[in-house]
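Trainee: This is the structure I have questions about; it appears just below.
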Amino acid sequence: MFLKKIIGITIALLVVFTAGVIGYVVIEHWPVLDSLYMTVITLASVGFMEVHPLTQFGRIFTIFLILGGTGILVYGVSTFIAFVVEGELTDTLRRRKMQKHIEALTNHYIICGAGQSGKYIIEEMIKMLKEFVVIEKNLDTAKSLGNQNTLYVHGDATHNSSLQAAGIERARGLVTTLHSDAENLLVVFTAKRLNPKIRVISKAIEEESEQKIRMAGADSVVMPNFIGGLRMASELIRPSVVSFLDVMLRSKEKTIRIDELSISDSSSYKNKTLRETGILSRKDVTVVALRNGATDTYEFNPPADTALTVGDTVILMGNINAISKIKNSPM
């Protein structure tokens with residue numbers, strides 16, 4: 001908005017400036033250089049003497065030139081002052097700083113939409129200490145994210161430019177929670193074309209949309225209505241389990257989560273047993289299951305002498321800080 005005003009003011013000044021030069025050439029029959037000089041000192045209000053004596057029509061023209069030029073200059077100055085006072089300058093500088101931060105991110109996550117579903121994903125990403133960028137179409141919602149020091153891109157997540165501004169080529173994963181299945185399908189399709197390796201999770205409202213979204217490239221599709229129905233049934237049948245999960249997810253004293261530890265070729269846990277890794281003796285962490293990478297099967301509560309090989313995934317439950325130490329500072 002401010003840029004448009006500046007462009008408008010600049011164009012208006014150029015028009016007045018050009019009109020001044022042409023006016024003196026036509027009315028006073030002065031050379032172009034003298035007309036240019038007279039226009040400059042008139043608009044600048046420096047108080048220098050006239051280049052040549054003015055005729056009656058020349059003086060009338062000069063009056064209108066001063067009024068027009070001064071009016072535009074006063075408007076330009078007031079616009080700049082308002083820009084600074086109203087905080088737009090601060091917002092502009094903050095957005096530039098934020099964009100530089102986003103451009104420096106790698107292996108981060110992208111959240112498309114900060115609506116009813118998106119806000120809970122944002123809260124969870126913050127608790128899990130993950131780096132992420134939110135793409136939000138609504139300007140007020142986007143600004144509120146900025147006020148909370150959350151990285152965001154104001155734009156339409158279905159557009160290539162918005163996804164690229166969020167660093168889609170360098171991102172590890174993307175989740176889309178837009179209002180319609182058609183929008184989510186388009187985001188999935190676009191994201192996978194820009195980065196075929198990215199993991200994409202999409203929300204689906206209609207049951208028949210799930211298969212279409214998967215065909216567009218989604219790695220997983222979540223249906224809030226389906227999940228909500230299961231939750232209500234669990235509340236009815238197994239209230240103690242649901243109560244435990246609520247405490248785990250909503251505790252403010254500790255962030256308790258179920259997380260995963262992938263065994264890669266560079267992992268120091270490779271070819272060691274669970275006992276040798278020391279994970280079993282860690283405080284505030286429990287090994288829930290082990291996913292065998294070769295057979296793609298799960299073994300719940302694996303024995304201590306189970307060897308970890310490349311491709312395996314250890315499912316852990318416990319304090320997120322303790323799990324983070326295991327993942328980042330093994331052995």
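Convention: chains lettered A, B, ... in structure tokens order; per-chain residue numbering from 1; ligands numbered from 1 as shown.
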Could you please write out, as a ChimeraX atom specification, every residue of region 72-278 of chain A that DSSP assigns to strand (DSSP E)?
Mentor: /A:109-112,132-136,152-154,173-176,199-203,220-222,256-262
Trainee: With C-alpha atoms retained, write the just-selected residues as a tab-separated table (two decimals), in the first residue's frame.
Mentor:
chain	number	residue	atom	x	y	z
A	109	TYR	CA	7.87	-27.86	7.70
A	110	ILE	CA	5.17	-25.86	5.92
A	111	ILE	CA	1.65	-25.44	7.33
A	112	CYS	CA	-0.96	-24.32	4.81
A	132	PHE	CA	8.09	-24.28	10.32
A	133	VAL	CA	6.49	-21.66	8.09
A	134	VAL	CA	2.76	-20.92	7.88
A	135	ILE	CA	1.10	-19.89	4.60
A	136	GLU	CA	-2.04	-17.89	5.40
A	152	TYR	CA	4.58	-16.84	7.88
A	153	VAL	CA	3.95	-16.10	4.22
A	154	HIS	CA	0.89	-14.04	3.37
A	173	GLY	CA	7.20	-31.88	5.13
A	174	LEU	CA	3.96	-30.04	4.42
A	175	VAL	CA	0.49	-30.21	5.91
A	176	THR	CA	-2.54	-28.57	4.30
A	199	ARG	CA	6.18	-35.61	2.77
A	200	VAL	CA	2.67	-34.18	2.39
A	201	ILE	CA	-0.23	-34.61	4.83
A	202	SER	CA	-3.66	-33.34	3.85
A	203	LYS	CA	-6.98	-32.82	5.57
A	220	SER	CA	-1.30	-39.42	4.24
A	221	VAL	CA	-4.85	-38.06	4.51
A	222	VAL	CA	-6.50	-37.19	7.80
A	256	ILE	CA	4.98	-35.77	26.82
A	257	ARG	CA	4.82	-37.20	23.31
A	258	ILE	CA	5.26	-40.34	21.24
A	259	ASP	CA	8.14	-39.83	18.82
A	260	GLU	CA	10.36	-41.90	16.56
A	261	LEU	CA	14.08	-42.52	16.25
A	262	SER	CA	15.14	-43.59	12.76
Trainee: List the neighbours of Lys137 (chain A) out to 10 Å using only C-alpha atoms; skip same-chain residues closer than 6 positions along the sequence, and give me the result as number ranges by chain.
Mentor: A: 112-114, 153-157, 162, 178
Trainee: Which is closer to Ile227 (chain A) than all the others in A:Gly58, A:Ala204, A:Ser35, A:Lys130, using only C-alpha atoms?
Mentor: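 Result for the nearest residue to Ile227 (chain A): A:Ala204.
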Trainee: Using only C-alpha atoms, can you tell me which of A:Asn271, A:Thr18, A:Thr313, A:Gln164 comes closest to Arg291 (chain A)?
Mentor: A:Thr313
Trainee: My list of candidates is A:Phe226, A:Phe300, A:Tyr24, A:Phe57. Which is closest to Glu206 (chain A) when distances are computed with only C-alpha atoms?
Mentor: A:Phe226
